[in-house]
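First up is the structure itself, then whatever we jot down about it.
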Amino acid sequence: MLLGRVVGTVVASRKEPSLEGLKFLVLRQLDVDGKPSGGYRVAVDAVGAGMGDVVLFATGSSARQTAVTDKRPCDGVIMAIVDTLEVDGAVAYDKARDG
Amino acid sequence: MLLGRVVGTVVASRKEPSLEGLKFLVLRQLDVDGKPSGGYRVAVDAVGAGMGDVVLFATGSSARQTAVTDKRPCDGVIMAIVDTLEVDGAVAYDKARDG
Amino acid sequence: MLLGRVVGTVVASRKEPSLEGLKFLVLRQLDVDGKPSGGYRVAVDAVGAGMGDVVLFATGSSARQTAVTDKRPCDGVIMAIVDTLEVDGAVAYDKARDG
Amino acid sequence: MLLGRVVGTVVASRKEPSLEGLKFLVLRQLDVDGKPSGGYRVAVDAVGAGMGDVVLFATGSSARQTAVTDKRPCDGVIMAIVDTLEVDGAVAYDKARDG
Amino acid sequence: MLLGRVVGTVVASRKEPSLEGLKFLVLRQLDVDGKPSGGYRVAVDAVGAGMGDVVLFATGSSARQTAVTDKRPCDGVIMAIVDTLEVDGAVAYDKARDG
């Protein structure tokens, strides 16, 4: 998994029918210190993430292992909302403090 | 998923038989702001995308989760045509405005 | 899928038994304009590609969705020989003209 | 597989239900000489790895081939704790010596 | 598939039980001309490769399509030992000559 921050949305009325009702969120990828790393991903939201949340996302076939993405043409899913990220003994991100 | 713009086509008369009838489109990959990011992909069209459209595409095994790509040697599929892309509270792309 | 040009071969007498009889070709990856992009791949040939041909190749599990690669430890397959590549309204490659 | 060093943890109370109870560890990716290579991964721990351990991790669908990750939206797993890494005839890492 | 040269080994006594008995080899990735390209991979040996051998390795789910790696958390496998690599009409590597 990688870390991302929810920064936007994609609306697409014309799409593969099995994707109807899914929420496509834009994630800026974060580095291990919680700073933007340059890349991005569009991922389906499986956990009710909100704008600005730091999340974990999974890609590839693992992105289809949730109730909402199962058997769908989706290669990225938000599967967790991060409360705290601790690296090298320090709190790099804390939702209550930085969220 | 990543964002791409449809910029071309590939015609291939000699191919794996299961790919007969599929439409191979050339996508320039877009950055999160809707600008070309340098990369490209050839993807099968599952939604009737047209030249110039901004689309979402899925790669890997997820690219085979549509009726037209199921069980085929295809690792990229266009599964949605983007209406609007909103990032950091601003509309980065709007099909009606920029399409 | 990505574009590649067939530039070589790999011969390997000692290999996983299920790979017996497969043809391993060396592909230089091409950019969207048909120029070498720097990378390469070794892929199994599923369509009878020849030296110098511009081809489409699929990677990952999608590379196993052909009769010759099914259930084999192969993560790259040539699944189409390109006749024409058209990008931004111009013919970037034409097998009859450039092949 | 790639080499990583366990440098942190991710806590996420809101997540896909099937991930309940899994331990998410932050790995700094290591080069072949055992030095940080710049990248990172968040991976599920399947072997009881501890802070500072050098580990092997697998990504993609292979990350789901353990008892704890089976059928879960998880694309990275720690599947081994490295005792020794020997490269070019020299011991690049020895858990007893460097761990 | 990509080309690699076997340059080392990883020993890990604590690992996912299904990996017991497998041989983890360190591969320096090679460019199409047979020179090191900078990257590396740790792969399971399915063909009896030895130190210094130039090999083909497969990644992702394809790395599990051998008797020794089937259903195991392994995302890289050596599935062939290269005898000759011919690129642009010249022999870039010959095991008998350069091995």
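Convention: chains lettered A, B, ... in structure tokens order; per-chain residue numbering from 1; ligands numbered from 1 as shown.
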
>> Can you work out which residues from chain E touch chain D at a cut-off of 10 Å (counting only C-alpha atoms) and hand them back as an MDAnalysis selection string?
In response: chainID E and resid 6:19 24:28 38:44 51:52 59:64 70:77

> Tell me, which residues of region 30-90 of chain E carry DSSP strand (DSSP E), written as a list in words?
Replying inline: Leu30, Pro36, Ser37, Gly38, Gly39, Tyr40, Arg41, Val42, Ala43, Val44, Asp45, Val54, Val55, Leu56, Phe57, Ala58, Thr59, Gly76, Val77, Ile78, Met79, Ala80, Ile81, Thr84, Leu85, Glu86, Val87 and Ala90 of chain E

>> Quick check for you: according to DSSP on this backbone, which residues of region 37-92 of chain D are classed as helix (DSSP H, G or I)? Reply as a ChimeraX atom specification.
In response: /D:60-64

>> What's the separation between CA of Ala96 (chain E) and CA of Asp33 (chain D), in Å to one decimal place?
In response: 29.0 Å

>> Can you measure CA of Gln29 (chain E) to CA of Asp98 (chain E) for me? One decimal in Å is fine.
In response: 16.8 Å
